[in-house]
Amino acid sequence: MYRLDPRYAPAPGTVLATGWQAVAAQLPHGSATVAVDGPPTVDWDALAVRLTEELAALGTTVRTLDLRTHHALPTEVRRRTESARDTEDPYYCRLAETPLRDLFDELPRPAPPTGRELLLVHGPGAALLPHDLLWYADLPKRYAEAAVAAGTGRNLGLPGERPELRRLFYVDWPVLDRHRDALAPRVDGWLDVQDGDRPTYVDGDGLRASLSSLARRPVRTCPYFNSTPWGGHWAQRRLGFAPGARNTALGYELIAPEAGVVIGTHAGQRAEIPFQLLCVLHADDLLGPAVSARFGTSFPIRFDYLDTVGGGNLSVHCHPKEPYMKERFGWSYTQHETYYMALGRPDTRVFLGLREDADLDRFRKEIEEAAHDGVPMDPEDHVMTFPAHQGRLFMIPAGTPHASGAGNLVLEISATPYLYSLRFYDWLRPDADGRPRPLPYEHGLANLETGRRGAAVARDLVQEPRTLREGAGWYEELLGALPEMFYEVRRHTLETDAVADDDTEGRFHVLNVVAGEGVMLTTGAGERHLLSYAETLTVPAAVGPYRLAAIGEGPVRVVKALVRRDPPGEHV
């Protein structure tokens, strides 16, 4: 019952048009300047050709202006977006704060269209030129990551250069996201070009009305899995996801910067809209006023899967502590994590925390020998391990060394920053191209939490569940909370036919069915949403009271994450 393509009906009156002919029909047929903005991943040449051909058939002459040819020189683009320290770091950059406008020396000033002519300005930054109509053409970020990893993509403002994932993550995406978010309140049309032969258009007013509705009701983002050298096969076997892929390692259930929500009534007419736009346009409804006051438009919690069933151990790594994350990488909050063992056994394991007797000098020496000389090390000489019992939650505050072992399915419930795995050791494992995987161990050692060791790890980070509430046939437990972490993880258990009441109380909830067939969620307004095994659902703060009704035989378990009411302010 796991839905690979969850879809939501557009708001009444929304215009959806599919195919280039229908899309072109939405454009004016007289004198007008149309700006079509969007990321570099879009096939801008094909877009300009197809629109020109369709408009010509309607009797409209098109003059095109490709804004990609007007960037500053590549050396200037790099100088304006990376500091000297960024240039020296092969792994990370500080999140770029450069406005997209600064990637151009001078914007072109084309002659205005005349008669039946239409001026089509296209490419990243097209909205910076004066225009009569503004469209945004989009491809979800997973396309850019795949293209850059394959060497076929391009980085923003750097045509002809070998693309870099490092630059895509920390420069291109922050620059493009801010630009897109600023356009969202006034864009006249949205164009999903995932199918290059059959794009789908959504009118701007319909787009905003649909997002307004989704920000006030339970919503599921579009899932996908990627492959890594450690990946397993659970998602292929259990969910039917990407059966031809090398593996299904990292499952993007809800990673807000990359997640999308699909608007459309059937598979042939669908438009995937960035989940982030819900936060930009409706932060108070989605996050809740108190949460949005603390996090702005950043959705702060993510859910993803780490699939090592039939795969290998993850790298032993940690994540940046808060001051380092702010000063070095530019995030206002850091990458605290938890592992919920959706599948695990007593003979599989989780690496977590330093041993009581860990020798840090020896740890560094063995890390360096592995990285530079290919000498294998045994992480268990330094890092503790725990049995990966199904249903157990492991707390992983920033700076804690950790990894999931082979044979597990981890539901990772974490703070949203997700691109900062500071690896110490990766089992001498090559990447898909046979090259050594990056090991930013100096960053890792600079953030290693050395004070929480041995018995303190077991006591603080492997907590026993505590019952918070209970009713007829159901109960809710607190699985894990720490003073330094701004969110907590709970779990509902519902027996057959049980119904549990809950309430967002002004803070969004994120739910995932970790055992059993599923639940039917019903809001106080009477909206119903089915949530099946392994699926993740966001319940916006605006929902308020809701009910969970167990479906099927036997107990159903639903994990829930939410922002705590009393986290220390200095941690945000």
# chains A, B, ... in the order shown; residues from 1 in each chain; ligands from 1
$ residues_around --residues "stretch 283-293 of chain A" --least-positions-apart "2" --cutoff "12 Å" --atoms "only C-alpha atoms" --output "PyMOL selection string"
chain A and resi 211-219+275-281+295-301+486-487+504-510+538-544+562-567+569+572
$ write_last_selection --atoms "C-alpha atoms" --output "mmCIF file, in the first residue's frame"
data_model
loop_
_atom_site.group_PDB
_atom_site.id
_atom_site.type_symbol
_atom_site.label_atom_id
_atom_site.label_comp_id
_atom_site.auth_asym_id
_atom_site.auth_seq_id
_atom_site.Cartn_x
_atom_site.Cartn_y
_atom_site.Cartn_z
ATOM 1 C CA LEU A 211 -0.403 25.496 -1.501
ATOM 2 C CA SER A 212 -2.583 27.475 0.883
ATOM 3 C CA SER A 213 -4.921 24.494 1.177
ATOM 4 C CA LEU A 214 -2.078 21.987 1.616
ATOM 5 C CA ALA A 215 -0.515 24.079 4.388
ATOM 6 C CA ARG A 216 -3.659 23.485 6.479
ATOM 7 C CA ARG A 217 -4.174 19.751 5.959
ATOM 8 C CA PRO A 218 -2.067 16.596 6.319
ATOM 9 C CA VAL A 219 0.327 16.256 3.383
ATOM 10 C CA PHE A 275 7.668 21.613 -0.284
ATOM 11 C CA GLN A 276 9.737 24.629 0.743
ATOM 12 C CA LEU A 277 7.163 26.936 -0.869
ATOM 13 C CA LEU A 278 4.644 25.854 1.786
ATOM 14 C CA CYS A 279 7.081 27.180 4.373
ATOM 15 C CA VAL A 280 7.752 30.380 2.436
ATOM 16 C CA LEU A 281 4.111 31.278 1.793
ATOM 17 C CA PHE A 295 13.228 28.799 12.481
ATOM 18 C CA GLY A 296 11.880 31.278 9.937
ATOM 19 C CA THR A 297 10.927 29.462 6.743
ATOM 20 C CA SER A 298 13.232 26.499 7.396
ATOM 21 C CA PHE A 299 11.252 23.316 8.073
ATOM 22 C CA PRO A 300 13.421 21.968 10.915
ATOM 23 C CA ILE A 301 12.760 18.192 11.051
ATOM 24 C CA PHE A 486 15.145 21.012 19.961
ATOM 25 C CA TYR A 487 12.836 18.137 18.975
ATOM 26 C CA THR A 504 -0.861 19.711 17.165
ATOM 27 C CA GLU A 505 -1.370 22.468 19.768
ATOM 28 C CA GLY A 506 0.294 24.988 17.478
ATOM 29 C CA ARG A 507 3.300 22.840 16.467
ATOM 30 C CA PHE A 508 3.518 20.650 13.360
ATOM 31 C CA HIS A 509 3.803 16.880 13.779
ATOM 32 C CA VAL A 510 5.580 14.423 11.468
ATOM 33 C CA THR A 538 3.329 16.061 7.852
ATOM 34 C CA VAL A 539 0.470 17.323 10.010
ATOM 35 C CA PRO A 540 0.601 21.137 9.824
ATOM 36 C CA ALA A 541 0.227 23.157 13.001
ATOM 37 C CA ALA A 542 -3.010 24.621 11.631
ATOM 38 C CA VAL A 543 -4.684 21.184 11.721
ATOM 39 C CA GLY A 544 -5.167 21.270 15.501
ATOM 40 C CA LEU A 562 7.685 17.456 17.052
ATOM 41 C CA VAL A 563 9.521 20.584 18.153
ATOM 42 C CA ARG A 564 9.723 20.779 21.934
ATOM 43 C CA ARG A 565 8.106 23.661 23.753
ATOM 44 C CA ASP A 566 11.077 24.296 26.023
ATOM 45 C CA PRO A 567 14.326 23.838 24.097
ATOM 46 C CA GLY A 569 17.084 29.282 23.031
ATOM 47 C CA VAL A 572 18.550 27.726 17.736
#
$ select_by_dssp --residues "stretch 70-121 of chain A" --states "strand (DSSP E)" --output "list in words"
Glu117, Leu118, Leu119, Leu120 and Val121 of chain A
$ write_last_selection --atoms "all heavy atoms" --output "short mmCIF file (atom, residue, chain, number, x, y, z; two decimals), in the first residue's frame"
data_model
loop_
_atom_site.label_atom_id
_atom_site.label_comp_id
_atom_site.auth_asym_id
_atom_site.auth_seq_id
_atom_site.Cartn_x
_atom_site.Cartn_y
_atom_site.Cartn_z
N GLU A 117 5.18 40.19 -32.01
CA GLU A 117 6.39 39.56 -31.50
C GLU A 117 6.31 39.33 -30.00
O GLU A 117 5.77 40.15 -29.25
CB GLU A 117 7.61 40.45 -31.80
CG GLU A 117 8.93 39.84 -31.37
CD GLU A 117 10.09 40.80 -31.58
OE1 GLU A 117 10.04 41.94 -31.06
OE2 GLU A 117 11.05 40.40 -32.26
N LEU A 118 6.86 38.18 -29.56
CA LEU A 118 6.98 37.88 -28.14
C LEU A 118 8.46 37.72 -27.82
O LEU A 118 9.18 36.99 -28.50
CB LEU A 118 6.21 36.60 -27.79
CG LEU A 118 6.16 36.20 -26.30
CD1 LEU A 118 4.83 35.56 -25.97
CD2 LEU A 118 7.30 35.22 -25.95
N LEU A 119 8.93 38.43 -26.82
CA LEU A 119 10.31 38.31 -26.35
C LEU A 119 10.34 37.29 -25.22
O LEU A 119 9.71 37.50 -24.18
CB LEU A 119 10.84 39.66 -25.88
CG LEU A 119 12.24 39.64 -25.24
CD1 LEU A 119 13.29 39.10 -26.20
CD2 LEU A 119 12.62 41.03 -24.73
N LEU A 120 11.07 36.19 -25.45
CA LEU A 120 11.17 35.12 -24.45
C LEU A 120 12.55 35.18 -23.81
O LEU A 120 13.56 34.82 -24.42
CB LEU A 120 10.96 33.76 -25.13
CG LEU A 120 11.06 32.53 -24.22
CD1 LEU A 120 9.94 32.52 -23.19
CD2 LEU A 120 11.04 31.24 -25.05
N VAL A 121 12.60 35.66 -22.57
CA VAL A 121 13.84 35.69 -21.79
C VAL A 121 13.85 34.44 -20.92
O VAL A 121 12.91 34.19 -20.17
CB VAL A 121 13.92 36.95 -20.91
CG1 VAL A 121 15.23 36.98 -20.15
CG2 VAL A 121 13.74 38.20 -21.75
#
$ closest_residue --among "A:Ala549, A:Val193, A:Val42, A:Ala370" --to "A:Arg429" --atoms "only C-alpha atoms"
A:Ala370
$ atom_distance --atom1 "atom CA of A:Ala481" --atom2 "atom CA of A:Arg547"
24.0 Å
$ closest_atom_pairs --of "stretch 177-231 of chain A" --to "stretch 239-248 of chain A" --cutoff "7 Å" --atoms "only C-alpha atoms" --output "CSV"
residue,atom,partner,partner_atom,distance
A:Phe225,CA,A:Thr248,CA,5.5
A:Asn226,CA,A:Thr248,CA,5.7
A:Ser227,CA,A:Thr248,CA,5.2
A:Gly231,CA,A:Asn247,CA,5.4
$ write_last_selection --atoms "N, CA, C and O atoms" --output "PDB file, in the first residue's frame"
ATOM      1  N   PHE A 225      14.392   7.138  -3.471  1.00  0.00           N
ATOM      2  CA  PHE A 225      15.594   6.540  -2.878  1.00  0.00           C
ATOM      3  C   PHE A 225      16.759   6.727  -3.839  1.00  0.00           C
ATOM      4  O   PHE A 225      16.601   6.632  -5.054  1.00  0.00           O
ATOM      5  N   ASN A 226      17.934   6.997  -3.295  1.00  0.00           N
ATOM      6  CA  ASN A 226      19.126   7.003  -4.141  1.00  0.00           C
ATOM      7  C   ASN A 226      20.026   5.824  -3.768  1.00  0.00           C
ATOM      8  O   ASN A 226      19.723   5.055  -2.858  1.00  0.00           O
ATOM      9  N   SER A 227      21.110   5.674  -4.501  1.00  0.00           N
ATOM     10  CA  SER A 227      22.043   4.564  -4.286  1.00  0.00           C
ATOM     11  C   SER A 227      23.361   5.092  -3.741  1.00  0.00           C
ATOM     12  O   SER A 227      23.801   6.185  -4.101  1.00  0.00           O
ATOM     13  N   GLY A 231      24.541   0.846   0.296  1.00  0.00           N
ATOM     14  CA  GLY A 231      23.096   0.665   0.255  1.00  0.00           C
ATOM     15  C   GLY A 231      22.621  -0.776   0.260  1.00  0.00           C
ATOM     16  O   GLY A 231      23.333  -1.703  -0.169  1.00  0.00           O
TER      17      GLY A 231
END
$ closest_residue --among "A:Gly554, A:Pro99, A:Pro257, A:Pro110" --to "A:Thr33" --atoms "only C-alpha atoms"
A:Pro110
$ residues_around --residues "stretch 346-349 of chain A" --least-positions-apart "2" --cutoff "9 Å" --atoms "only C-alpha atoms" --output "ChimeraX atom specification"
/A:344,351,385-390,403-408
$ closest_atom_pairs --of "stretch 213-304 of chain A" --to "stretch 5-17 of chain A" --cutoff "12 Å" --atoms "only C-alpha atoms" --output "Markdown table"
| residue | atom | partner | partner_atom | distance |
| --- | --- | --- | --- | --- |
| A:Ser213 | CA | A:Ala11 | CA | 7.3 |
| A:Leu214 | CA | A:Tyr8 | CA | 8.4 |
| A:Arg217 | CA | A:Tyr8 | CA | 10.8 |
| A:Pro218 | CA | A:Tyr8 | CA | 10.6 |
| A:Val219 | CA | A:Tyr8 | CA | 8.4 |
| A:Arg220 | CA | A:Pro6 | CA | 6.8 |
| A:Thr221 | CA | A:Pro6 | CA | 7.1 |
| A:Cys222 | CA | A:Asp5 | CA | 6.0 |
| A:Pro223 | CA | A:Asp5 | CA | 7.5 |
| A:Tyr224 | CA | A:Asp5 | CA | 9.5 |
| A:Phe241 | CA | A:Asp5 | CA | 10.9 |
| A:Glu253 | CA | A:Pro6 | CA | 11.6 |
| A:Gly260 | CA | A:Pro6 | CA | 10.3 |
| A:Val261 | CA | A:Arg7 | CA | 7.4 |
| A:Val262 | CA | A:Arg7 | CA | 4.9 |
| A:Ile263 | CA | A:Tyr8 | CA | 5.0 |
| A:Gly264 | CA | A:Ala9 | CA | 5.3 |
| A:Thr265 | CA | A:Ala9 | CA | 5.4 |
| A:His266 | CA | A:Arg7 | CA | 7.8 |
| A:Ala267 | CA | A:Asp5 | CA | 8.1 |
| A:Gly268 | CA | A:Ala17 | CA | 10.6 |
| A:Gln269 | CA | A:Leu16 | CA | 7.6 |
| A:Arg270 | CA | A:Arg7 | CA | 7.9 |
| A:Ala271 | CA | A:Leu16 | CA | 8.6 |
| A:Glu272 | CA | A:Arg7 | CA | 9.1 |
| A:Ile273 | CA | A:Arg7 | CA | 11.0 |
$ residues_around --residues "A:Tyr533" --least-positions-apart "6" --cutoff "12 Å" --atoms "only C-alpha atoms" --output "ChimeraX atom specification"
/A:1-3,238-239,342,511-520,550-552,555-559
$ closest_residue --among "A:Pro379, A:Gly204, A:Ala126, A:Cys93" --to "A:Trp173" --atoms "only C-alpha atoms"
A:Cys93
$ atom_distance --atom1 "atom CA of A:Trp190" --atom2 "atom CA of A:Ala111"
25.9 Å
$ select_by_dssp --residues "stretch 424-528 of chain A" --states "alpha helix (DSSP H)" --output "list of chain:residue names"
A:Tyr441, A:Glu442, A:His443, A:Gly444, A:Leu445, A:Ala446, A:Asn447, A:Gly454, A:Ala455, A:Ala456, A:Val457, A:Ala458, A:Arg459, A:Asp460, A:Leu461
$ closest_atom_pairs --of "stretch 73-148 of chain A" --to "stretch 409-425 of chain A" --cutoff "12 Å" --atoms "only C-alpha atoms" --output "CSV"
residue,atom,partner,partner_atom,distance
A:Tyr91,CA,A:Tyr420,CA,9.3
A:Tyr92,CA,A:Tyr420,CA,8.3
A:Cys93,CA,A:Tyr420,CA,10.7
A:Arg94,CA,A:Tyr420,CA,11.3
A:Leu95,CA,A:Leu419,CA,11.2
$ residues_around --residues "A:Leu27" --least-positions-apart "4" --cutoff "9 Å" --atoms "only C-alpha atoms" --output "list in words"
Val23, Val34, Leu55 and Leu133 of chain A
$ write_last_selection --atoms "N, CA, C and O atoms" --output "tab-separated table (two decimals), in the first residue's frame"
chain	number	residue	atom	x	y	z
A	23	VAL	N	0.67	24.18	-23.18
A	23	VAL	CA	1.45	25.14	-22.38
A	23	VAL	C	1.60	26.45	-23.14
A	23	VAL	O	1.39	27.54	-22.59
A	34	VAL	N	8.11	37.81	-21.90
A	34	VAL	CA	7.86	36.71	-20.98
A	34	VAL	C	9.19	36.24	-20.42
A	34	VAL	O	10.11	35.91	-21.17
A	55	LEU	N	4.32	28.59	-30.64
A	55	LEU	CA	3.80	29.95	-30.83
A	55	LEU	C	3.81	30.34	-32.30
A	55	LEU	O	2.91	31.05	-32.79
A	133	LEU	N	5.18	39.01	-18.04
A	133	LEU	CA	4.67	37.74	-17.52
A	133	LEU	C	5.86	36.94	-16.99
A	133	LEU	O	6.92	36.91	-17.62
$ atom_distance --atom1 "atom CA of A:Glu369" --atom2 "atom CA of A:Leu439"
12.1 Å
$ closest_residue --among "A:Tyr324, A:Ala57, A:Gly196, A:Tyr340" --to "A:Asp45" --atoms "only C-alpha atoms"
A:Gly196
$ residues_around --residues "A:Val375" --least-positions-apart "5" --cutoff "10 Å" --atoms "only C-alpha atoms" --output "JSON, numbers by chain"
{"A": [366, 367, 368, 369, 370, 427, 428]}
$ write_last_selection --atoms "C-alpha atoms" --output "mmCIF file, in the first residue's frame"
data_model
loop_
_atom_site.group_PDB
_atom_site.id
_atom_site.type_symbol
_atom_site.label_atom_id
_atom_site.label_comp_id
_atom_site.auth_asym_id
_atom_site.auth_seq_id
_atom_site.Cartn_x
_atom_site.Cartn_y
_atom_site.Cartn_z
ATOM 1 C CA GLU A 366 44.476 5.146 12.890
ATOM 2 C CA ILE A 367 42.080 7.447 11.009
ATOM 3 C CA GLU A 368 45.006 9.119 9.228
ATOM 4 C CA GLU A 369 46.653 5.792 8.382
ATOM 5 C CA ALA A 370 43.400 4.486 6.915
ATOM 6 C CA TRP A 427 35.917 0.720 5.671
ATOM 7 C CA LEU A 428 38.366 1.546 2.802
#
